[in-house]
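Notes follow the structure.
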Amino acid sequence: MSSFWARLAVAQRLRAHFAAALSPAAPSDPACSCSCSSNRLSSRDIVSAIVRHCSLPAPAFRLHVLPSRIPHAGLGLFLTPLNSVRSIPRGSVVALYPGIVYSPSDPVFLPSISNHYILQTIDGSLIDGKHNGLSRSMYRSLWRRERVWKGIEYDISWLDQRRIGSVQNWNVGQLINNSGAPENANVIYNEYTLDETFPFELRKFIPNIPYSPEETSVNGIALVTTADLEFENETDQVELLAAYQSLV
């Protein structure tokens, strides 16, 4: 049985490799990718924002999982200000998209079945943000692998944050609903990369694990505000909405 799964994994890698090689180049239109060039932050800017957020004794906002204001959308992700903050500026990182990161040559067929939480990046990589089923089991397995083999402990708390109430951290970008029209979105998907220079002690705040054990960098997606989010008081709430792009 193990040899069957090994052969299946190899076949999936080859299929993905040739599909990537034969597919046309990604279009330059920003609407066809995860990010929007007019609001896009550099990878360095996002990494700096992550470091600041992890180091802050008092964050500027809190995220909540609540019933969405969009009809029939189920739960949504809401932001409320903290510590007398009345505005979250445009270009602020407010959430990270969690999950396993698959390169274009990694086998992703089985976890992709009936999975609406897989997000595709510009280079063809996939991030699986599903919190249950096979995706959950695989993330926990890779989390143990990284912890035992490399001594790296990534965030695993996001797997249990899909419930009504305040969330522990901002690793819940997969819960953001579709805005429908792009002009109604208040956040965009913004890719970034964490390389070997990212502080080792901060890896525990990162919700992404590369599928391949040989991968040393971590590709991720941040949710970045496209306009200032204004609040009159600390009880105000804004539902975060994104225009879904490159979803498979």
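The chains in the structure tokens are called A, B, ... from first to last as shown; in each chain the residues are counted from 1, and the ligands are counted from 1 in the order shown.
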
Exercise. As JSON, numbers by chain, which residues of region 83-147 of chain A does DSSP assign to alpha helix (DSSP H)?
Worked result: {"A": [109, 110, 111, 112, 133, 134, 135, 136, 137, 138, 139, 140, 141, 142, 143, 144, 145]}

Exercise. Using the chain letters and numbers from this document, which residues of region 2-246 of chain A does DSSP assign to strand (DSSP E or B), as a PyMOL selection string?
Worked result: chain A and resi 61-67+75-81+87-88+93-97+99-102+118-120+126-128+165-166+177-178+187-194+208-210+218-225+229-230+238-239+241-242

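Distances here use only C-alpha atoms; by that measure, the residue among A:Tyr154, A:Trp170, A:Trp149, A:Tyr139 closest to Tyr211 (chain A) is A:Tyr139.
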
Taking only residues of region 177-247 of chain A that have an atom at most 6 Å from an atom of region 84-87 of chain A, what is each one's shortest atom pair and its distance in Å to one decimal, using only C-alpha atoms, in chain and number order, as JSON lines?
```
{"residue": "A:Leu229", "atom": "CA", "partner": "A:Ser87", "partner_atom": "CA", "distance": 5.5}
{"residue": "A:Glu230", "atom": "CA", "partner": "A:Ser87", "partner_atom": "CA", "distance": 4.6}
{"residue": "A:Phe231", "atom": "CA", "partner": "A:Arg86", "partner_atom": "CA", "distance": 4.9}
```

For this session: Excluding Phe205 (chain A) and residues on its chain fewer than 6 positions from it, collect all residues at most 10 Å away from it, counting only C-alpha atoms, and give them as a list of chain:residue names.
Result: A:Ile50, A:Val51, A:His53, A:Cys54, A:Glu153, A:Tyr154, A:Asp155, A:Ile156, A:Ser157, A:Asn169, A:Trp170, A:Asn171

Emit the selected residues as a PDB file, in the first residue's frame, including C-alpha atoms.
```pdb
ATOM      1  CA  ILE A  50       4.768  40.999  11.056  1.00  0.00           C
ATOM      2  CA  VAL A  51       7.772  41.597  13.313  1.00  0.00           C
ATOM      3  CA  HIS A  53       2.870  43.115  15.297  1.00  0.00           C
ATOM      4  CA  CYS A  54       4.469  40.180  17.117  1.00  0.00           C
ATOM      5  CA  GLU A 153       7.468  25.502  15.794  1.00  0.00           C
ATOM      6  CA  TYR A 154       4.962  27.215  13.511  1.00  0.00           C
ATOM      7  CA  ASP A 155       1.532  28.444  14.602  1.00  0.00           C
ATOM      8  CA  ILE A 156      -1.091  25.725  14.871  1.00  0.00           C
ATOM      9  CA  SER A 157      -3.770  27.621  16.796  1.00  0.00           C
ATOM     10  CA  ASN A 169      -4.157  36.151  16.633  1.00  0.00           C
ATOM     11  CA  TRP A 170      -4.414  37.392  13.067  1.00  0.00           C
ATOM     12  CA  ASN A 171      -3.754  34.037  11.366  1.00  0.00           C
TER      13      ASN A 171
END
```

Problem set entry | Non-local contacts of Ile70 (chain A) (10 Å; only C-alpha atoms; under 6 positions in same chain excluded) as a PyMOL selection string | chain A and resi 76+177-180+239+241

Within 9 Å of Val93 (chain A), counting only C-alpha atoms, which residues qualify if same-chain residues fewer than 6 places away don't, as a PDB file with N, CA and C atoms, in the first residue's frame?
```
ATOM      1  N   ILE A  46       6.020  43.752   4.458  1.00  0.00           N
ATOM      2  CA  ILE A  46       5.132  42.838   5.177  1.00  0.00           C
ATOM      3  C   ILE A  46       5.867  42.132   6.303  1.00  0.00           C
ATOM      4  N   ALA A  49       6.145  44.445   9.104  1.00  0.00           N
ATOM      5  CA  ALA A  49       4.864  44.589   9.791  1.00  0.00           C
ATOM      6  C   ALA A  49       4.591  43.391  10.696  1.00  0.00           C
ATOM      7  N   ILE A  50       4.952  42.201  10.237  1.00  0.00           N
ATOM      8  CA  ILE A  50       4.768  40.999  11.056  1.00  0.00           C
ATOM      9  C   ILE A  50       5.624  41.078  12.318  1.00  0.00           C
ATOM     10  N   VAL A 187      -9.751  44.852   1.747  1.00  0.00           N
ATOM     11  CA  VAL A 187      -8.422  44.252   1.875  1.00  0.00           C
ATOM     12  C   VAL A 187      -8.077  43.528   0.578  1.00  0.00           C
ATOM     13  N   ALA A 222      -0.511  37.931   2.952  1.00  0.00           N
ATOM     14  CA  ALA A 222      -1.041  38.826   3.974  1.00  0.00           C
ATOM     15  C   ALA A 222      -2.279  39.515   3.421  1.00  0.00           C
ATOM     16  N   LEU A 223      -3.187  39.875   4.307  1.00  0.00           N
ATOM     17  CA  LEU A 223      -4.348  40.670   3.933  1.00  0.00           C
ATOM     18  C   LEU A 223      -4.058  42.109   4.316  1.00  0.00           C
ATOM     19  N   VAL A 224      -4.049  42.991   3.293  1.00  0.00           N
ATOM     20  CA  VAL A 224      -3.629  44.382   3.450  1.00  0.00           C
ATOM     21  C   VAL A 224      -4.788  45.313   3.127  1.00  0.00           C
ATOM     22  N   THR A 225      -4.996  46.321   3.950  1.00  0.00           N
ATOM     23  CA  THR A 225      -6.119  47.241   3.745  1.00  0.00           C
ATOM     24  C   THR A 225      -5.911  48.088   2.487  1.00  0.00           C
TER      25      THR A 225
END
```

Exercise. Any idea what the distance is between CA of Leu82 (chain A) and CA of Ala227 (chain A)?
Worked result: 18.5 Å

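Considering only C-alpha atoms, the residue among A:Tyr97, A:Trp143, A:Phe109, A:Tyr189 positioned nearest to Thr226 (chain A) is A:Tyr189.
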
Seminar exercise, completed: CA of Ser217 (chain A) to CA of Leu194 (chain A) measures 5.6 Å

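Proximity to Leu240 (chain A) at 8 Å, evaluated using only C-alpha atoms and with sequence-adjacent residues fewer than 2 positions away removed, yields Gly76, Leu77, Phe78, Leu79, Ile176, Asn177, Ala185, Asn186, Val187, Val238 and Ala242 of chain A.
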
Keeping only all heavy atoms, write those residues as an mmCIF file, in the first residue's frame.
```
data_model
loop_
_atom_site.group_PDB
_atom_site.id
_atom_site.type_symbol
_atom_site.label_atom_id
_atom_site.label_comp_id
_atom_site.auth_asym_id
_atom_site.auth_seq_id
_atom_site.Cartn_x
_atom_site.Cartn_y
_atom_site.Cartn_z
ATOM 1 N N GLY A 76 -18.051 35.521 9.179
ATOM 2 C CA GLY A 76 -17.118 36.455 8.565
ATOM 3 C C GLY A 76 -16.101 36.925 9.585
ATOM 4 O O GLY A 76 -16.193 36.610 10.779
ATOM 5 N N LEU A 77 -15.123 37.683 9.124
ATOM 6 C CA LEU A 77 -14.063 38.190 9.996
ATOM 7 C C LEU A 77 -14.222 39.696 10.151
ATOM 8 O O LEU A 77 -14.288 40.429 9.162
ATOM 9 C CB LEU A 77 -12.687 37.860 9.409
ATOM 10 C CG LEU A 77 -11.494 38.076 10.349
ATOM 11 C CD1 LEU A 77 -11.574 37.156 11.559
ATOM 12 C CD2 LEU A 77 -10.175 37.844 9.604
ATOM 13 N N PHE A 78 -14.294 40.148 11.406
ATOM 14 C CA PHE A 78 -14.520 41.554 11.724
ATOM 15 C C PHE A 78 -13.335 42.121 12.492
ATOM 16 O O PHE A 78 -12.664 41.414 13.241
ATOM 17 C CB PHE A 78 -15.796 41.717 12.556
ATOM 18 C CG PHE A 78 -17.065 41.427 11.816
ATOM 19 C CD1 PHE A 78 -17.421 40.118 11.520
ATOM 20 C CD2 PHE A 78 -17.905 42.452 11.402
ATOM 21 C CE1 PHE A 78 -18.601 39.832 10.834
ATOM 22 C CE2 PHE A 78 -19.082 42.180 10.719
ATOM 23 C CZ PHE A 78 -19.427 40.871 10.438
ATOM 24 N N LEU A 79 -13.104 43.420 12.308
ATOM 25 C CA LEU A 79 -12.020 44.120 12.986
ATOM 26 C C LEU A 79 -12.591 45.212 13.873
ATOM 27 O O LEU A 79 -13.468 45.969 13.453
ATOM 28 C CB LEU A 79 -11.051 44.705 11.958
ATOM 29 C CG LEU A 79 -9.801 45.423 12.474
ATOM 30 C CD1 LEU A 79 -8.650 45.259 11.485
ATOM 31 C CD2 LEU A 79 -10.052 46.921 12.711
ATOM 32 N N ILE A 176 -12.053 35.442 5.692
ATOM 33 C CA ILE A 176 -12.548 36.670 5.078
ATOM 34 C C ILE A 176 -13.430 36.338 3.877
ATOM 35 O O ILE A 176 -13.054 35.541 3.015
ATOM 36 C CB ILE A 176 -11.372 37.575 4.661
ATOM 37 C CG1 ILE A 176 -10.647 38.067 5.919
ATOM 38 C CG2 ILE A 176 -11.846 38.744 3.814
ATOM 39 C CD1 ILE A 176 -9.413 38.892 5.627
ATOM 40 N N ASN A 177 -14.590 36.954 3.831
ATOM 41 C CA ASN A 177 -15.565 36.650 2.782
ATOM 42 C C ASN A 177 -15.310 37.441 1.497
ATOM 43 O O ASN A 177 -14.594 38.444 1.493
ATOM 44 C CB ASN A 177 -16.991 36.927 3.282
ATOM 45 C CG ASN A 177 -17.515 35.801 4.158
ATOM 46 O OD1 ASN A 177 -17.308 34.630 3.870
ATOM 47 N ND2 ASN A 177 -18.185 36.159 5.247
ATOM 48 N N ALA A 185 -14.287 45.676 -1.837
ATOM 49 C CA ALA A 185 -13.280 45.043 -0.973
ATOM 50 C C ALA A 185 -12.545 46.106 -0.169
ATOM 51 O O ALA A 185 -12.297 47.214 -0.655
ATOM 52 C CB ALA A 185 -12.298 44.246 -1.822
ATOM 53 N N ASN A 186 -12.200 45.770 1.072
ATOM 54 C CA ASN A 186 -11.374 46.674 1.878
ATOM 55 C C ASN A 186 -10.017 46.085 2.223
ATOM 56 O O ASN A 186 -9.218 46.709 2.914
ATOM 57 C CB ASN A 186 -12.114 47.123 3.148
ATOM 58 C CG ASN A 186 -12.657 45.953 3.959
ATOM 59 O OD1 ASN A 186 -12.204 44.825 3.821
ATOM 60 N ND2 ASN A 186 -13.650 46.239 4.798
ATOM 61 N N VAL A 187 -9.751 44.852 1.747
ATOM 62 C CA VAL A 187 -8.422 44.252 1.875
ATOM 63 C C VAL A 187 -8.077 43.528 0.578
ATOM 64 O O VAL A 187 -8.967 43.167 -0.201
ATOM 65 C CB VAL A 187 -8.336 43.257 3.058
ATOM 66 C CG1 VAL A 187 -8.496 43.954 4.393
ATOM 67 C CG2 VAL A 187 -9.348 42.129 2.905
ATOM 68 N N VAL A 238 -15.824 46.578 11.631
ATOM 69 C CA VAL A 238 -15.772 46.573 10.172
ATOM 70 C C VAL A 238 -15.557 45.139 9.718
ATOM 71 O O VAL A 238 -14.624 44.471 10.188
ATOM 72 C CB VAL A 238 -14.637 47.468 9.643
ATOM 73 C CG1 VAL A 238 -14.451 47.263 8.138
ATOM 74 C CG2 VAL A 238 -14.915 48.929 9.937
ATOM 75 N N ALA A 242 -12.676 40.742 0.810
ATOM 76 C CA ALA A 242 -11.687 40.699 -0.267
ATOM 77 C C ALA A 242 -12.357 40.223 -1.544
ATOM 78 O O ALA A 242 -13.341 39.489 -1.510
ATOM 79 C CB ALA A 242 -10.525 39.765 0.088
#
```

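Closest approach to Ser166 (chain A) from the set A:Leu96, A:Gly129, A:Thr80, A:Ile122 is made by A:Thr80, with distances taken over only C-alpha atoms.
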
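When only C-alpha atoms are used to measure the gap to Ser48 (chain A), the shortest distance among A:Gly165, A:Leu126, A:Thr197, A:Ile152 belongs to A:Thr197.
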
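Comparing the minimum interatomic distances between Ala60 (chain A) and each of A:Gly74, A:Leu175, A:Pro81, A:Arg44, counting only C-alpha atoms, we find that A:Pro81 sits nearest.
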
Problem set entry | Selected residue of minimal separation from Arg203 (chain A) among A:Pro89, A:Val167, A:Leu110, A:Arg147, counting only C-alpha atoms | A:Arg147
